[in-house]
$ cat structure26.cif   # mmCIF, C-alpha atoms and all ligand atoms
data_run
#
loop_
_atom_site.label_atom_id
_atom_site.label_comp_id
_atom_site.auth_asym_id
_atom_site.auth_seq_id
_atom_site.Cartn_x
_atom_site.Cartn_y
_atom_site.Cartn_z
CA ASP N 1 334.58 21.13 98.75
CA SER N 2 334.47 21.43 94.97
CA VAL N 3 336.60 24.13 93.40
CA PHE N 4 333.47 24.79 91.32
CA ALA N 5 331.19 25.12 94.35
CA ASN N 6 330.35 28.76 93.57
CA ILE N 7 329.18 28.13 90.04
CA VAL N 8 325.59 29.22 89.50
CA GLN N 9 323.12 27.25 87.44
CA ALA N 10 322.93 28.69 83.91
CA PRO N 11 319.57 29.26 82.23
CA GLU N 12 318.51 26.94 79.38
CA ASP N 13 319.07 28.21 75.86
CA PRO N 14 315.91 30.14 74.89
CA ILE N 15 315.38 28.01 71.75
CA LEU N 16 316.83 24.60 72.65
CA GLY N 17 315.34 24.95 76.15
CA VAL N 18 311.87 24.73 74.60
CA THR N 19 312.64 21.13 73.60
CA VAL N 20 313.93 20.37 77.10
CA ALA N 21 310.58 21.52 78.55
CA TYR N 22 308.67 19.63 75.83
CA ASN N 23 310.49 16.38 76.60
CA LYS N 24 309.43 16.62 80.26
CA ASP N 25 305.72 16.97 79.39
CA PRO N 26 303.87 13.60 79.59
CA SER N 27 300.79 14.84 77.66
CA PRO N 28 299.95 12.73 74.55
CA VAL N 29 298.80 15.84 72.65
CA LYS N 30 301.98 17.84 73.26
CA LEU N 31 303.38 19.66 70.25
CA ASN N 32 306.89 21.05 69.82
CA LEU N 33 306.94 24.10 67.54
CA GLY N 34 310.08 25.53 69.12
CA VAL N 35 313.16 24.27 67.35
CA GLY N 36 313.46 24.82 63.62
CA ALA N 37 313.71 21.23 62.48
CA TYR N 38 311.67 19.70 59.67
CA ARG N 39 309.09 17.04 60.51
CA THR N 40 307.02 14.85 58.18
CA GLU N 41 303.22 14.78 58.10
CA GLU N 42 303.58 11.99 60.66
CA GLY N 43 305.57 14.31 62.93
CA LYS N 44 308.81 12.38 62.42
CA PRO N 45 312.31 13.71 61.66
CA LEU N 46 313.22 13.20 57.99
CA VAL N 47 316.40 11.81 56.49
CA LEU N 48 316.26 12.60 52.77
CA ASN N 49 316.28 9.56 50.52
CA VAL N 50 319.14 11.06 48.52
CA VAL N 51 321.16 11.43 51.72
CA ARG N 52 320.63 7.72 52.51
CA ARG N 53 321.77 6.88 48.96
CA ALA N 54 324.88 9.00 49.30
CA GLU N 55 325.69 7.46 52.67
CA GLN N 56 325.44 3.96 51.15
CA LEU N 57 327.93 4.91 48.45
CA ILE N 58 330.26 6.41 51.04
CA ILE N 59 330.12 3.38 53.33
CA ASN N 60 330.64 0.93 50.45
CA ASP N 61 333.67 2.79 49.13
CA GLN N 62 336.55 0.75 50.58
CA SER N 63 339.11 3.32 49.44
CA ARG N 64 337.84 5.86 51.95
CA VAL N 65 340.06 6.54 54.93
CA LYS N 66 339.65 8.49 58.15
CA GLU N 67 342.66 10.79 57.74
CA TYR N 68 342.36 14.41 58.80
CA LEU N 69 340.90 16.81 56.27
CA PRO N 70 342.92 19.95 55.54
CA ILE N 71 342.26 22.87 57.94
CA THR N 72 339.99 24.41 55.30
CA GLY N 73 338.02 21.18 54.83
CA MET N 74 337.18 19.18 51.72
CA ALA N 75 338.23 21.03 48.55
CA ASP N 76 335.40 19.65 46.36
CA PHE N 77 332.84 20.47 49.00
CA ASN N 78 334.09 24.05 49.22
CA LYS N 79 334.05 24.59 45.47
CA LEU N 80 330.55 23.13 45.12
CA SER N 81 329.22 25.09 48.09
CA ALA N 82 330.41 28.33 46.51
CA LYS N 83 328.65 27.37 43.27
CA LEU N 84 325.47 26.62 45.17
CA ILE N 85 325.21 30.04 46.77
CA PHE N 86 326.90 32.31 44.21
CA GLY N 87 325.66 30.51 41.08
CA THR N 88 327.44 28.10 38.72
CA ASP N 89 328.51 30.86 36.36
CA SER N 90 329.45 33.44 38.97
CA PRO N 91 332.32 35.61 37.66
CA ALA N 92 333.69 35.83 41.22
CA ILE N 93 334.18 32.03 41.19
CA GLN N 94 335.69 32.04 37.69
CA GLU N 95 338.10 34.78 38.76
CA ASN N 96 339.08 32.84 41.92
CA ARG N 97 338.12 35.80 44.10
CA ILE N 98 336.35 33.73 46.75
CA ALA N 99 337.96 32.04 49.75
CA THR N 100 335.67 29.20 50.92
CA VAL N 101 336.30 27.08 54.00
CA GLN N 102 334.27 24.16 55.35
CA CYS N 103 332.97 24.96 58.84
CA LEU N 104 330.76 23.49 61.55
CA SER N 105 327.38 24.24 60.00
CA GLY N 106 325.96 27.77 59.91
CA THR N 107 326.89 28.64 63.48
CA GLY N 108 330.53 27.64 63.02
CA SER N 109 330.72 29.55 59.75
CA LEU N 110 329.41 32.70 61.42
CA ARG N 111 331.88 32.31 64.27
CA VAL N 112 334.91 31.76 62.03
CA GLY N 113 333.87 34.73 59.89
CA ALA N 114 333.46 36.90 62.97
CA GLU N 115 336.83 35.85 64.44
CA PHE N 116 338.48 36.62 61.11
CA LEU N 117 336.90 40.09 61.01
CA VAL N 118 338.00 40.87 64.57
CA LYS N 119 341.58 40.07 63.62
CA HIS N 120 341.76 41.54 60.13
CA TYR N 121 339.03 44.08 59.51
CA HIS N 122 339.27 47.72 60.57
CA ASN N 123 335.73 48.07 61.94
CA ARG N 124 334.53 45.84 64.76
CA THR N 125 330.89 46.83 64.88
CA ILE N 126 328.25 44.52 63.42
CA TYR N 127 324.65 45.60 62.87
CA ILE N 128 322.11 42.81 63.25
CA PRO N 129 318.38 43.01 62.50
CA GLN N 130 315.89 43.61 65.31
CA PRO N 131 314.75 40.91 65.97
CA THR N 132 317.09 38.16 64.77
CA TRP N 133 318.05 34.56 65.53
CA GLY N 134 318.83 34.54 69.26
CA ASN N 135 322.32 33.10 68.80
CA HIS N 136 323.55 35.92 66.55
CA PRO N 137 324.38 38.46 69.27
CA LYS N 138 326.11 35.76 71.33
CA VAL N 139 328.22 34.40 68.47
CA PHE N 140 329.38 37.85 67.46
CA THR N 141 329.99 39.12 71.00
CA MET N 142 332.01 36.02 71.90
CA ALA N 143 334.15 36.56 68.82
CA GLY N 144 334.90 40.11 69.97
CA LEU N 145 332.64 42.16 67.74
CA SER N 146 330.52 44.94 69.14
CA VAL N 147 326.87 44.28 68.33
CA LYS N 148 324.35 46.97 67.37
CA SER N 149 320.94 46.52 65.81
CA TYR N 150 318.98 47.97 62.94
CA ARG N 151 315.19 48.16 62.75
CA TYR N 152 313.73 45.33 60.70
CA TYR N 153 310.27 44.22 61.77
CA ASP N 154 307.16 46.32 62.15
CA PRO N 155 304.73 44.69 64.63
CA ALA N 156 301.90 46.91 63.35
CA THR N 157 302.04 45.51 59.80
CA ARG N 158 303.76 42.25 60.73
CA GLY N 159 305.97 43.10 57.78
CA LEU N 160 309.27 44.82 57.04
CA ASN N 161 310.06 48.19 58.62
CA PHE N 162 311.82 49.24 55.45
CA GLN N 163 312.01 52.94 56.33
CA GLY N 164 313.50 52.13 59.74
CA LEU N 165 315.99 49.75 58.16
CA LEU N 166 317.15 52.37 55.67
CA GLU N 167 317.44 55.04 58.36
CA ASP N 168 319.44 52.82 60.72
CA LEU N 169 321.84 51.50 58.08
CA GLY N 170 322.02 55.02 56.64
CA SER N 171 323.29 56.35 59.96
CA ALA N 172 325.67 53.45 60.65
CA PRO N 173 329.34 54.48 60.54
CA SER N 174 331.09 53.84 57.25
CA GLY N 175 332.82 50.45 57.23
CA ALA N 176 330.53 48.82 59.78
CA ILE N 177 329.58 45.17 59.21
CA VAL N 178 325.92 44.39 58.46
CA LEU N 179 324.40 40.98 59.06
CA LEU N 180 321.74 40.13 56.46
CA HIS N 181 319.57 37.01 56.38
CA ALA N 182 319.91 35.79 52.79
CA CYS N 183 316.30 34.54 52.81
CA ALA N 184 313.57 33.27 55.16
CA HIS N 185 314.43 35.70 57.95
CA ASN N 186 314.42 34.02 61.36
CA PRO N 187 312.28 34.59 63.44
CA THR N 188 309.98 36.91 61.46
CA GLY N 189 309.56 35.11 58.11
CA VAL N 190 309.71 38.58 56.55
CA ASP N 191 312.10 39.17 53.63
CA PRO N 192 312.71 42.32 51.58
CA THR N 193 311.34 42.29 48.01
CA THR N 194 313.81 42.28 45.11
CA GLU N 195 313.33 46.05 44.74
CA GLN N 196 313.96 46.58 48.44
CA TRP N 197 317.08 44.39 48.27
CA GLU N 198 318.35 46.58 45.42
CA HIS N 199 317.78 49.64 47.60
CA ILE N 200 319.62 48.01 50.50
CA ARG N 201 322.48 47.03 48.20
CA GLN N 202 322.89 50.59 46.94
CA LEU N 203 322.86 51.95 50.48
CA VAL N 204 325.33 49.34 51.77
CA ARG N 205 327.72 49.98 48.87
CA SER N 206 327.42 53.77 48.93
CA LYS N 207 328.20 53.81 52.66
CA GLY N 208 331.00 51.26 52.39
CA LEU N 209 329.33 48.86 54.83
CA LEU N 210 330.52 45.23 54.76
CA PRO N 211 327.68 42.73 54.17
CA PHE N 212 327.81 39.40 56.04
CA PHE N 213 325.08 37.05 54.75
CA ASP N 214 323.66 34.30 56.89
CA SER N 215 322.23 31.66 54.53
CA ALA N 216 320.66 28.97 56.70
CA TYR N 217 317.59 28.30 54.54
CA GLN N 218 318.60 28.28 50.87
CA GLY N 219 315.87 26.37 49.01
CA PHE N 220 313.64 26.22 52.06
CA ALA N 221 311.95 29.56 51.50
CA SER N 222 310.67 29.29 47.92
CA GLY N 223 311.58 25.70 47.13
CA SER N 224 314.14 26.99 44.59
CA LEU N 225 317.86 27.11 45.42
CA ASP N 226 318.47 29.87 42.87
CA THR N 227 315.58 32.10 43.91
CA ASP N 228 316.62 31.93 47.56
CA ALA N 229 320.19 33.00 46.70
CA GLN N 230 319.15 36.09 44.71
CA SER N 231 319.93 38.56 47.49
CA VAL N 232 323.50 37.30 47.87
CA ARG N 233 324.06 37.17 44.13
CA MET N 234 322.95 40.81 43.74
CA PHE N 235 325.71 41.86 46.12
CA VAL N 236 328.34 39.73 44.38
CA ALA N 237 327.30 40.91 40.91
CA ASP N 238 328.32 44.50 41.70
CA GLY N 239 331.93 43.38 42.18
CA GLY N 240 332.02 44.36 45.84
CA GLU N 241 333.12 42.29 48.80
CA CYS N 242 331.02 40.31 51.26
CA LEU N 243 330.95 37.28 53.55
CA ALA N 244 328.47 34.40 53.43
CA ALA N 245 327.82 31.66 55.99
CA GLN N 246 326.04 28.59 54.60
CA SER N 247 324.33 25.78 56.47
CA TYR N 248 323.18 22.39 55.16
CA ALA N 249 321.23 21.70 58.36
CA LYS N 250 317.81 22.52 56.94
CA ASN N 251 318.06 22.21 53.17
CA MET N 252 319.74 18.80 53.25
CA GLY N 253 318.42 17.79 56.67
CA LEU N 254 321.97 17.34 57.98
CA TYR N 255 321.36 19.13 61.32
CA GLY N 256 323.56 17.01 63.56
CA GLU N 257 326.28 16.41 60.97
CA ARG N 258 327.34 20.06 61.38
CA VAL N 259 328.16 20.83 57.78
CA GLY N 260 328.45 24.33 56.38
CA ALA N 261 330.81 26.75 54.72
CA LEU N 262 332.13 30.28 55.07
CA SER N 263 332.93 32.21 51.91
CA ILE N 264 334.68 35.54 51.73
CA VAL N 265 334.25 37.25 48.38
CA CYS N 266 337.23 39.50 47.65
CA ARG N 267 338.15 42.07 45.01
CA THR N 268 341.00 40.01 43.56
CA ALA N 269 342.30 36.44 43.52
CA ASP N 270 345.47 37.61 45.23
CA VAL N 271 343.52 39.00 48.20
CA ALA N 272 341.39 35.82 48.38
CA THR N 273 344.54 33.68 48.64
CA ARG N 274 345.85 35.73 51.54
CA VAL N 275 342.44 35.77 53.23
CA GLU N 276 342.30 31.96 53.03
CA SER N 277 345.76 31.67 54.57
CA GLN N 278 344.57 33.74 57.52
CA LEU N 279 341.32 31.77 57.88
CA LYS N 280 343.52 28.72 58.49
CA LEU N 281 345.15 30.52 61.41
CA VAL N 282 341.70 31.24 62.85
CA ILE N 283 340.50 27.63 62.49
CA ARG N 284 343.60 25.67 63.57
CA PRO N 285 343.55 26.67 67.26
CA MET N 286 339.72 26.50 67.40
CA TYR N 287 339.02 22.92 66.22
CA SER N 288 341.98 22.08 63.96
CA ASN N 289 339.97 20.78 61.01
CA PRO N 290 336.34 19.91 60.24
CA PRO N 291 334.65 16.46 60.21
CA ILE N 292 334.48 14.32 57.06
CA HIS N 293 331.12 12.64 56.94
CA GLY N 294 328.65 15.48 56.31
CA ALA N 295 330.86 17.13 53.71
CA SER N 296 331.23 13.76 51.92
CA ILE N 297 327.44 13.46 51.71
CA VAL N 298 327.10 16.95 50.23
CA ALA N 299 329.96 16.45 47.76
CA THR N 300 328.65 13.03 46.68
CA ILE N 301 325.21 14.48 45.95
CA PHE N 302 326.58 17.54 44.14
CA LYS N 303 328.85 15.50 41.88
CA ASP N 304 326.10 13.22 40.58
CA ARG N 305 323.56 14.87 38.31
CA ASP N 306 320.85 12.35 39.17
CA MET N 307 321.35 12.66 42.91
CA TYR N 308 321.46 16.45 42.69
CA THR N 309 318.10 16.43 40.90
CA GLU N 310 316.65 14.10 43.50
CA TRP N 311 317.83 16.50 46.21
CA THR N 312 316.12 19.50 44.59
CA ILE N 313 312.87 17.50 44.35
CA GLU N 314 312.99 16.41 47.99
CA LEU N 315 313.87 19.95 49.05
CA LYS N 316 310.94 21.38 47.10
CA ALA N 317 308.63 18.84 48.75
CA MET N 318 309.74 20.04 52.22
CA ALA N 319 309.23 23.69 51.24
CA ASP N 320 305.81 22.91 49.73
CA ARG N 321 304.67 21.04 52.83
CA ILE N 322 305.55 24.07 54.96
CA ILE N 323 303.70 26.40 52.60
CA SER N 324 300.64 24.13 52.74
CA MET N 325 300.78 24.19 56.58
CA ARG N 326 300.58 27.99 56.42
CA GLN N 327 297.43 27.79 54.34
CA GLN N 328 295.88 25.13 56.58
CA LEU N 329 296.54 27.08 59.77
CA PHE N 330 295.21 30.28 58.21
CA ASP N 331 292.05 28.48 57.02
CA ALA N 332 291.55 26.86 60.44
CA LEU N 333 291.68 30.24 62.22
CA ARG N 334 289.29 31.74 59.69
CA ALA N 335 286.89 28.83 60.16
CA ARG N 336 286.93 29.45 63.92
CA GLY N 337 286.33 33.17 63.44
CA THR N 338 289.44 33.89 65.50
CA PRO N 339 289.62 37.66 65.99
CA GLY N 340 292.43 39.48 64.18
CA ASP N 341 294.08 39.57 60.78
CA TRP N 342 296.05 36.34 60.31
CA SER N 343 297.07 36.91 56.69
CA HIS N 344 300.72 37.23 57.81
CA ILE N 345 300.69 33.44 58.33
CA VAL N 346 300.44 32.91 54.58
CA LYS N 347 302.53 35.96 53.64
CA GLN N 348 305.59 35.13 55.75
CA ILE N 349 308.35 32.99 54.25
CA GLY N 350 310.39 30.00 55.35
CA MET N 351 310.30 27.75 58.35
CA PHE N 352 308.75 30.10 60.89
CA THR N 353 305.66 32.16 61.48
CA PHE N 354 306.02 35.13 63.77
CA THR N 355 302.49 34.91 65.09
CA GLY N 356 302.28 38.17 67.00
CA LEU N 357 301.24 36.22 70.12
CA ASN N 358 302.75 37.72 73.27
CA THR N 359 304.64 36.02 76.11
CA GLU N 360 301.51 35.54 78.24
CA GLN N 361 299.55 34.07 75.35
CA VAL N 362 302.41 31.69 74.58
CA ALA N 363 302.59 30.66 78.24
CA SER N 364 298.86 29.95 78.34
CA MET N 365 299.05 27.85 75.16
CA THR N 366 301.82 25.78 76.74
CA LYS N 367 299.94 25.40 80.02
CA GLU N 368 296.48 24.64 78.61
CA TYR N 369 297.30 22.99 75.28
CA HIS N 370 300.85 21.58 75.75
CA ILE N 371 302.07 23.53 72.73
CA TYR N 372 305.71 24.56 72.98
CA MET N 373 307.26 27.54 71.16
CA THR N 374 309.71 30.36 71.84
CA SER N 375 308.30 33.09 74.08
CA ASP N 376 308.42 35.65 71.24
CA GLY N 377 305.50 33.83 69.58
CA ARG N 378 307.57 32.21 66.85
CA ILE N 379 306.25 28.84 65.67
CA SER N 380 308.03 26.37 63.45
CA MET N 381 305.64 25.57 60.60
CA ALA N 382 307.80 22.54 59.81
CA GLY N 383 306.74 20.99 63.12
CA LEU N 384 303.03 21.12 62.16
CA SER N 385 300.96 18.55 60.27
CA SER N 386 297.38 18.31 59.00
CA ARG N 387 296.63 16.27 62.12
CA THR N 388 297.95 18.91 64.56
CA VAL N 389 296.71 22.11 62.85
CA PRO N 390 293.25 21.96 64.54
CA HIS N 391 294.84 21.64 67.99
CA LEU N 392 297.07 24.65 67.34
CA ALA N 393 294.18 26.67 65.91
CA ASP N 394 292.08 25.87 69.02
CA ALA N 395 294.96 27.00 71.23
CA ILE N 396 295.52 30.26 69.34
CA HIS N 397 291.78 30.94 69.34
CA ALA N 398 291.59 30.43 73.11
CA ALA N 399 294.71 32.54 73.72
CA VAL N 400 293.39 35.61 71.87
CA THR N 401 289.75 35.50 72.97
N1 LIG G 501 321.36 31.26 61.17
C1 LIG G 501 320.04 31.20 61.32
C2 LIG G 501 319.24 32.41 60.97
C3 LIG G 501 319.43 30.05 61.78
O1 LIG G 501 318.10 30.03 61.92
C4 LIG G 501 320.22 28.93 62.08
C5 LIG G 501 319.60 27.66 62.57
N2 LIG G 501 318.62 27.77 63.51
C6 LIG G 501 321.60 29.04 61.92
C7 LIG G 501 322.13 30.21 61.45
C8 LIG G 501 322.59 27.97 62.18
O2 LIG G 501 322.23 26.68 62.28
P1 LIG G 501 323.29 25.52 62.16
O3 LIG G 501 324.49 25.92 62.96
O4 LIG G 501 322.58 24.35 62.73
O5 LIG G 501 323.59 25.39 60.72
#

$ encode --input "structure26.cif" --output "structure tokens" --more "lines below"
Ligand code: PMP
Amino acid sequence: DSVFANIVQAPEDPILGVTVAYNKDPSPVKLNLGVGAYRTEEGKPLVLNVVRRAEQLIINDQSRVKEYLPITGMADFNKLSAKLIFGTDSPAIQENRIATVQCLSGTGSLRVGAEFLVKHYHNRTIYIPQPTWGNHPKVFTMAGLSVKSYRYYDPATRGLNFQGLLEDLGSAPSGAIVLLHACAHNPTGVDPTTEQWEHIRQLVRSKGLLPFFDSAYQGFASGSLDTDAQSVRMFVADGGECLAAQSYAKNMGLYGERVGALSIVCRTADVATRVESQLKLVIRPMYSNPPIHGASIVATIFKDRDMYTEWTIELKAMADRIISMRQQLFDALRARGTPGDWSHIVKQIGMFTFTGLNTEQVASMTKEYHIYMTSDGRISMAGLSSRTVPHLADAIHAAVT
């Protein structure tokens, strides 16, 4: 008999499992709005033209070798990634107060950051928003942090529960870690305003909480890389410390290349140097060093002014298409006279709409209309097109009437 005979079948991942179910459905009208991956108007995955160009340059460069990268990854990539999120003229960069390491996309950056905090930070409690990306509690628990939540979303207004957020962070113990979505909050699509961010910043600093930013959608929310980094930059501008996990999955379409970065902003250059030395000890036994290809693409694009511009244009086009899908879905529901206030579809930000549909309504839409989404009613707007909006609107209409 197998030594593994007693192993029980594990459930599918709540997000990636949606795609597994979708793939099994033979219906020609099936629609996958589960996973947060960009699709074109034709419903196809998109490789950015600028990424293809960069890959050509990389492949044609005969001087490139396949040696190991350093434990911390590609130095150029790290420097440029810090500039992208903190701003080209960030004093923290000029003062060498930031330790940046290349990691395995956003998830890997969060995990390395969490492992570092468990080893070297005095408080092991992290507060995450309620709700949040389903992998957050798992990543942090596996790293050894204790996970608590703070109120974030108000189902009544389908907006931010700002009072609840302030109360919960206000009563968190001093020194606790706070996870903040830099922009385009997943799954709700609800972000604080600039004024609310300033309030949050003052509270976080006055209580000595440690902010850990998850930046998985820079440029995807507004179409502007700078606008989407404002929250992070406010926290760095006050001279205080924070962590930031960056992902290039969405904004450069590099999902499967697993390219991202973890930055730890410190008070002094001396501290940052020691922090980086310890990050190496976290990474080495985990995966030794990161892969080359994705980071080469990012660095190639960042180092060429023309390619960088092309990237920002292609990124803006993706963001604009998503925004136009919001308007089209909203208009389609209005045209059908679907009961309820659907203005949150156009108000929410980023890749997802948190529809407010409940588990039963979602299940009926999957059964009757072959539309797949997470059971919390989150739909990926990036998976929609002008062609599929009417089908989705019909399904929502049927589910709520
Ligand atoms: N954080 C959030 C909020 C996300 O939505 C995602 C992607 N779904 C990630 C992190 C990490 O994604 P990746 O590891 O593919 O960069």

$ residues_near_point --input "structure26.cif" --point "(338.1, 44.9, 44.5)" --cutoff "8 Å" --atoms "only C-alpha atoms" --output "MDAnalysis selection string"
chainID N and resid 239:241 266:268

$ closest_atom_pairs --input "structure26.cif" --of "chain N" --to "ligand LIG 501 (chain G)" --cutoff "7 Å" --atoms "all atoms listed in the file" --output "tab-separated table"
residue	atom	partner	partner_atom	distance
N:Gly36	CA	G:LIG501	N2	5.9
N:Leu104	CA	G:LIG501	O3	6.9
N:Ser105	CA	G:LIG501	O5	4.0
N:Gly106	CA	G:LIG501	O5	3.5
N:Thr107	CA	G:LIG501	O3	3.7
N:Gly108	CA	G:LIG501	O3	6.3
N:Trp133	CA	G:LIG501	C2	5.2
N:His181	CA	G:LIG501	C2	6.5
N:His185	CA	G:LIG501	C2	6.6
N:Asn186	CA	G:LIG501	C2	5.1
N:Asp214	CA	G:LIG501	N1	5.7
N:Ser215	CA	G:LIG501	N1	6.7
N:Ala216	CA	G:LIG501	N1	5.1
N:Ser247	CA	G:LIG501	O5	4.3
N:Tyr248	CA	G:LIG501	O5	6.3
N:Ala249	CA	G:LIG501	O5	5.0
N:Tyr255	CA	G:LIG501	O4	5.5
N:Arg258	CA	G:LIG501	O4	6.5
N:Gly260	CA	G:LIG501	O5	6.6

$ write_last_selection --input "structure26.cif" --atoms "C-alpha atoms" --output "PDB file, in the coordinates of the input"
ATOM      1  CA  GLY N  36     313.460  24.820  63.620  1.00  0.00           C
ATOM      2  CA  LEU N 104     330.760  23.490  61.550  1.00  0.00           C
ATOM      3  CA  SER N 105     327.380  24.240  60.000  1.00  0.00           C
ATOM      4  CA  GLY N 106     325.960  27.770  59.910  1.00  0.00           C
ATOM      5  CA  THR N 107     326.890  28.640  63.480  1.00  0.00           C
ATOM      6  CA  GLY N 108     330.530  27.640  63.020  1.00  0.00           C
ATOM      7  CA  TRP N 133     318.050  34.560  65.530  1.00  0.00           C
ATOM      8  CA  HIS N 181     319.570  37.010  56.380  1.00  0.00           C
ATOM      9  CA  HIS N 185     314.430  35.700  57.950  1.00  0.00           C
ATOM     10  CA  ASN N 186     314.420  34.020  61.360  1.00  0.00           C
ATOM     11  CA  ASP N 214     323.660  34.300  56.890  1.00  0.00           C
ATOM     12  CA  SER N 215     322.230  31.660  54.530  1.00  0.00           C
ATOM     13  CA  ALA N 216     320.660  28.970  56.700  1.00  0.00           C
ATOM     14  CA  SER N 247     324.330  25.780  56.470  1.00  0.00           C
ATOM     15  CA  TYR N 248     323.180  22.390  55.160  1.00  0.00           C
ATOM     16  CA  ALA N 249     321.230  21.700  58.360  1.00  0.00           C
ATOM     17  CA  TYR N 255     321.360  19.130  61.320  1.00  0.00           C
ATOM     18  CA  ARG N 258     327.340  20.060  61.380  1.00  0.00           C
ATOM     19  CA  GLY N 260     328.450  24.330  56.380  1.00  0.00           C
TER      20      GLY N 260
END

$ closest_residue --input "structure26.cif" --among "N:Glu95, N:Asp306, N:Glu167, N:Asp191" --to "Ala272 (chain N)" --atoms "only C-alpha atoms"
N:Glu95

$ closest_residue --input "structure26.cif" --among "N:Gly73, N:Gly350, N:Pro285, N:Pro131" --to "Lys148 (chain N)" --atoms "only C-alpha atoms"
N:Pro131

$ closest_residue --input "structure26.cif" --among "N:Ala261, N:Leu169, N:Leu80, N:Val236" --to "Val112 (chain N)" --atoms "all atoms listed in the file"
N:Ala261

$ residues_around --input "structure26.cif" --residues "Ala229 (chain N)" --least-positions-apart "5" --cutoff "12 Å" --atoms "all atoms listed in the file" --output "MDAnalysis selection string"
chainID N and resid 82:88 181:184 194 197 213:224 234:236 244 246

$ write_last_selection --input "structure26.cif" --atoms "C-alpha atoms" --output "compact mmCIF listing (two decimals), in the frame of the given file"
# COMPACT_ATOMS: atom_id res chain seq x y z
CA ALA N 82 330.41 28.33 46.51
CA LYS N 83 328.65 27.37 43.27
CA LEU N 84 325.47 26.62 45.17
CA ILE N 85 325.21 30.04 46.77
CA PHE N 86 326.90 32.31 44.21
CA GLY N 87 325.66 30.51 41.08
CA THR N 88 327.44 28.10 38.72
CA HIS N 181 319.57 37.01 56.38
CA ALA N 182 319.91 35.79 52.79
CA CYS N 183 316.30 34.54 52.81
CA ALA N 184 313.57 33.27 55.16
CA THR N 194 313.81 42.28 45.11
CA TRP N 197 317.08 44.39 48.27
CA PHE N 213 325.08 37.05 54.75
CA ASP N 214 323.66 34.30 56.89
CA SER N 215 322.23 31.66 54.53
CA ALA N 216 320.66 28.97 56.70
CA TYR N 217 317.59 28.30 54.54
CA GLN N 218 318.60 28.28 50.87
CA GLY N 219 315.87 26.37 49.01
CA PHE N 220 313.64 26.22 52.06
CA ALA N 221 311.95 29.56 51.50
CA SER N 222 310.67 29.29 47.92
CA GLY N 223 311.58 25.70 47.13
CA SER N 224 314.14 26.99 44.59
CA MET N 234 322.95 40.81 43.74
CA PHE N 235 325.71 41.86 46.12
CA VAL N 236 328.34 39.73 44.38
CA ALA N 244 328.47 34.40 53.43
CA GLN N 246 326.04 28.59 54.60

$ closest_residue --input "structure26.cif" --among "N:Val3, N:Ser385, N:Leu392, N:Gln94" --to "Tyr372 (chain N)" --atoms "all atoms listed in the file"
N:Leu392

$ closest_residue --input "structure26.cif" --among "N:Leu262, N:Cys103, N:Met325, N:Ala299" --to "Ile58 (chain N)" --atoms "all atoms listed in the file"
N:Ala299

$ residues_around --input "structure26.cif" --residues "Tyr68 (chain N)" --least-positions-apart "4" --cutoff "12 Å" --atoms "all atoms listed in the file" --output "JSON, numbers by chain"
{"N": [64, 72, 73, 74, 287, 288, 289, 290, 291, 292, 293]}

$ residues_around --input "structure26.cif" --residues "Leu117 (chain N)" --least-positions-apart "2" --cutoff "12 Å" --atoms "only C-alpha atoms" --output "JSON, numbers by chain"
{"N": [110, 111, 112, 113, 114, 115, 119, 120, 121, 122, 123, 124, 125, 126, 140, 143, 144, 145, 146, 175, 176, 177, 210, 211, 212, 242, 243, 264, 275, 278, 279, 282]}

$ closest_residue --input "structure26.cif" --among "N:Asp331, N:Glu310, N:Asp1, N:Glu41" --to "Arg387 (chain N)" --atoms "only C-alpha atoms"
N:Glu41

$ atom_distance --input "structure26.cif" --atom1 "CA of Phe354 (chain N)" --atom2 "CA of Ile323 (chain N)"
14.4 Å

$ atom_distance --input "structure26.cif" --atom1 "CA of Ile371 (chain N)" --atom2 "CA of Thr353 (chain N)"
14.6 Å

$ decode --input "structure26.cif" --residues "region 266-273 of chain N" --atoms "N, CA and C atoms" --output "PDB file, in the first residue's frame"
ATOM      1  N   CYS N 266      13.855  51.966   4.814  1.00  0.00           N
ATOM      2  CA  CYS N 266      14.396  52.063   6.181  1.00  0.00           C
ATOM      3  C   CYS N 266      14.707  53.519   6.534  1.00  0.00           C
ATOM      4  N   ARG N 267      15.018  53.746   7.796  1.00  0.00           N
ATOM      5  CA  ARG N 267      15.338  55.099   8.258  1.00  0.00           C
ATOM      6  C   ARG N 267      16.678  55.579   7.727  1.00  0.00           C
ATOM      7  N   THR N 268      17.648  54.650   7.654  1.00  0.00           N
ATOM      8  CA  THR N 268      18.991  55.049   7.231  1.00  0.00           C
ATOM      9  C   THR N 268      19.568  54.026   6.243  1.00  0.00           C
ATOM     10  N   ALA N 269      20.590  54.459   5.520  1.00  0.00           N
ATOM     11  CA  ALA N 269      21.263  53.585   4.552  1.00  0.00           C
ATOM     12  C   ALA N 269      21.938  52.415   5.277  1.00  0.00           C
ATOM     13  N   ASP N 270      22.436  52.690   6.445  1.00  0.00           N
ATOM     14  CA  ASP N 270      23.114  51.653   7.221  1.00  0.00           C
ATOM     15  C   ASP N 270      22.141  50.519   7.578  1.00  0.00           C
ATOM     16  N   VAL N 271      20.941  50.890   8.023  1.00  0.00           N
ATOM     17  CA  VAL N 271      19.934  49.874   8.344  1.00  0.00           C
ATOM     18  C   VAL N 271      19.553  49.096   7.079  1.00  0.00           C
ATOM     19  N   ALA N 272      19.373  49.826   5.962  1.00  0.00           N
ATOM     20  CA  ALA N 272      18.964  49.170   4.711  1.00  0.00           C
ATOM     21  C   ALA N 272      19.996  48.124   4.281  1.00  0.00           C
ATOM     22  N   THR N 273      21.258  48.417   4.462  1.00  0.00           N
ATOM     23  CA  THR N 273      22.322  47.461   4.103  1.00  0.00           C
ATOM     24  C   THR N 273      22.209  46.194   4.932  1.00  0.00           C
TER      25      THR N 273
END
